[in-house]
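A short worksheet on the structure shown next.
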Amino acid sequence: MMVLSPALKRIKPSITLAITSKAKAMQAKGIDVIALSAGEPDFGTPRHICDAAVTAIKEGFTRYTPASGINELKEVVCEKFKRDNGLDYTSKQVIINCGAKHSVFLAVLALVGPEDEVIIPSPYWVSYPEMVKLAGGKPVIVSCSEENGMKISAEQLRKAITPKTKMFILNSPSNPTGMVYTEDEIEALGKVIVETGIYVIADEIYEKLIYDGIKHVSIASLSNELLNRTITVNGVSKAYCMTGWRIGYAAGPEEIIKGMGIFQSQETSNPCSISQKAALAALNGSHDFLGPMLVEFDRRRQYIVERLNSIEGISCNKPMGSFYVFPKVSSFYGKNLRGTEIDGSLAFCEYMLNEKHIAIVPGIGFGADEYVRISYATSMDNIEKALDRFENGLKELE
Ligand SMILES: Cc1ncc(COP(=O)(O)O)c(C=O)c1O
């Protein structure tokens with residue numbers, strides 16, 4: 001028998017990617033599946049960004065770049081952090097990676113050693129605990145209540161910290177809940193971080209996807225002490241509809257960023273040269289496309305939340321950011337379809353996919369089995385049709 005690495009026994013595959021590929025396989029067989037599972041905008045990459053990539057190819061910018069990314073892009077990232085987030089970083093404090101997922105992973109790898117604890121509020125993005133386990137660390141999951149908007153409070157954070165705690169992962173706006181931390185909440189968390197001397201990864205990838213005029217606050221901008229304890233992660237995937245281009249970036253204390261660069265140099269070499277030029281055009285270029293995209297996401301958000309809350313047995317908080325809703329569906333657990341019991345979010349989503357042909361993601365992957373994640377990064381037509389199917393599916397359960 002083939003013996004594979006013990007790490008493979010510890011790590012689960014990404015449930016969101018698994019559902020999305022199952023939905024795609026069903027679509028390829030001609031089944032009319034509506035996918036509300038993907039974590040990517042349904043809009044194309046803006047034209048001027050694509051043009052910059054074409055120019056890069058034509059000009060022969062097709063070779064290895066410095067492993068940690070081109071300096072030109074690092075400078076532009078520094079300007080972006082200053083302009084949008086009030087953060088002062090030098091280009092030595094910035095690294096360009098192969099997607100924000102890669103940035104988070106390298107930050108974890110650079111800081112977390114065997115037995116180190118990393119505090120992760122749940123519901124969490126599926127990859128955080130697995131990344132910590134890959135680094136040999138121990139994810140410490142803190143459950144966040146619906147009453148607190150599914151956000152971790154400063155008291156909860158303080159209580160979870162032990163002498164082994166190395167780091168805390170903060171994701172705002174959140175995947176999967178769409179919740180956004182207020183400045184006061186972030187300030188309270190920041191106080192605990194500084195007082196206890198832990199580090200924080202601030203995953204701000206959904207920064208630009210935010211509604212109702214709410215302000216996104218970068219934790220590192222609150223004080224110098226926090227700046228020195230934070231790795232701020234962002235990227236071009238979500239805001240610029242560039243999920244396939246694979247460019248993310250991180251900024252933080254020079255020593256940590258240098259450590260991340262060492263791993264990257266041995267692991268992937270540089271992020272794609274052409275995509276770096278495209279990311280440069282994204283950050284430097286016109287942001288005019290963003291307004292209409294947000295208006296459309298907002299329209300879908302309003303519709304989907306209202307519609308879900310009108311269904312008996314479903315409750316759904318109104319998210320303030322990202323493009324997900326995270327309704328509670330557990331009142332349907334224990335019900336049956338032709339003798340098969342829906343015993344949790346996995347069975348619930350399998351039922352919806354196999355019988356109703358809509359792909360949504362089980363909350364269990366995000367550490368919250370009572371919920372499911374529905375992405376509204378698809379057309380209004382699809383959303384309406386999918387919710388009809390969803391509602392019918394619930395009615396058929398006994
Ligand atoms: C919270 C969060 N962080 C990071 C990422 C990764 O983004 P990228 O595609 O740039 O790797 C995602 C993508 O789904 C995400 O939801």
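To be explicit about the labels: the chains of the structure tokens are called A, B, and onward in the order shown, and within each one the residues are counted from 1, while ligands get numbers from 1 in the order they are shown.
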
Using only C-alpha atoms and all ligand atoms, what does the table of chain A residues within 8 Å of ligand 1 look like, with each row giving the shortest atom pair and its distance in Å to one decimal, sorted by chain and ascending number, as a Markdown table?
```
| residue | atom | partner | partner_atom_place_in_ligand_line | distance |
| --- | --- | --- | --- | --- |
| A:Gly39 | CA | ligand 1 | 14 (O) | 5.1 |
| A:Glu40 | CA | ligand 1 | 14 (O) | 7.2 |
| A:Cys98 | CA | ligand 1 | 11 (O) | 7.0 |
| A:Gly99 | CA | ligand 1 | 11 (O) | 3.6 |
| A:Ala100 | CA | ligand 1 | 10 (O) | 3.7 |
| A:Lys101 | CA | ligand 1 | 11 (O) | 3.7 |
| A:His102 | CA | ligand 1 | 11 (O) | 6.1 |
| A:Ser103 | CA | ligand 1 | 11 (O) | 7.7 |
| A:Val104 | CA | ligand 1 | 4 (C) | 7.3 |
| A:Trp125 | CA | ligand 1 | 1 (C) | 5.4 |
| A:Asn171 | CA | ligand 1 | 1 (C) | 6.2 |
| A:Ser174 | CA | ligand 1 | 1 (C) | 6.2 |
| A:Asn175 | CA | ligand 1 | 1 (C) | 5.0 |
| A:Pro176 | CA | ligand 1 | 16 (O) | 7.5 |
| A:Asp203 | CA | ligand 1 | 3 (N) | 5.9 |
| A:Glu204 | CA | ligand 1 | 3 (N) | 7.3 |
| A:Ile205 | CA | ligand 1 | 3 (N) | 5.7 |
| A:Tyr206 | CA | ligand 1 | 1 (C) | 7.3 |
| A:Asn234 | CA | ligand 1 | 10 (O) | 7.4 |
| A:Gly235 | CA | ligand 1 | 10 (O) | 5.4 |
| A:Val236 | CA | ligand 1 | 10 (O) | 6.4 |
| A:Ser237 | CA | ligand 1 | 10 (O) | 4.7 |
| A:Lys238 | CA | ligand 1 | 9 (O) | 7.1 |
| A:Met242 | CA | ligand 1 | 9 (O) | 7.9 |
| A:Thr243 | CA | ligand 1 | 9 (O) | 5.0 |
| A:Gly244 | CA | ligand 1 | 9 (O) | 7.4 |
| A:Arg246 | CA | ligand 1 | 10 (O) | 5.9 |
| A:Ile247 | CA | ligand 1 | 10 (O) | 5.9 |
| A:Gly248 | CA | ligand 1 | 10 (O) | 5.0 |
```

Next on the checklist: I'd like the contact shell of Ile95 of chain A - 10 Å cut-off, only C-alpha atoms, skipping same-chain residues fewer than 6 positions apart - returned as a ChimeraX atom specification.
Outcome noted: /A:67-71,73-74,77,103,233,248-252,254,257-258,260-261,264

Next on the checklist: Taking 2 positions as the minimum chain separation for residues in the same chain, which residues sit within 10 Å of Gly149 of chain A when counting only C-alpha atoms? Answer as a VMD selection string.
Outcome noted: chain A and resid 144 to 147 151 to 153 177 to 181 317 to 319

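For the set A:Phe168, A:Phe348, A:Phe323, A:Phe366, the residue with the smallest atom-to-atom gap to Thr378 of chain A is A:Phe323, counting only C-alpha atoms.
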
Checklist entry - Looking only at the backbone, which of the residues in segment 156-300 of chain A does DSSP tag as alpha helix (DSSP H), as JSON, numbers by chain? => result {"A": [156, 157, 158, 159, 160, 183, 184, 185, 186, 187, 188, 189, 190, 191, 192, 193, 194, 195, 196, 224, 225, 226, 227, 254, 255, 256, 257, 258, 259, 260, 261, 262, 263, 264, 265, 266, 267, 273, 274, 275, 276, 277, 278, 279, 280, 281, 282, 283, 284, 290, 291, 292, 293, 294, 295, 296, 297, 298, 299, 300]}

Next on the checklist: Using only C-alpha atoms, which protein or nucleic acid residues come within 12 Å of Glu398 of chain A? Drop anything in the same chain fewer than 3 positions from it, and give the result as a list in words.
Outcome noted: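 My list of contacting residues is Ser331, Phe332, Tyr333, Gly334, Lys335, Asn336, Leu337, Arg338, Gly339, Thr340, Glu341, Ile342, Gly393, Leu394 and Lys395 of chain A.
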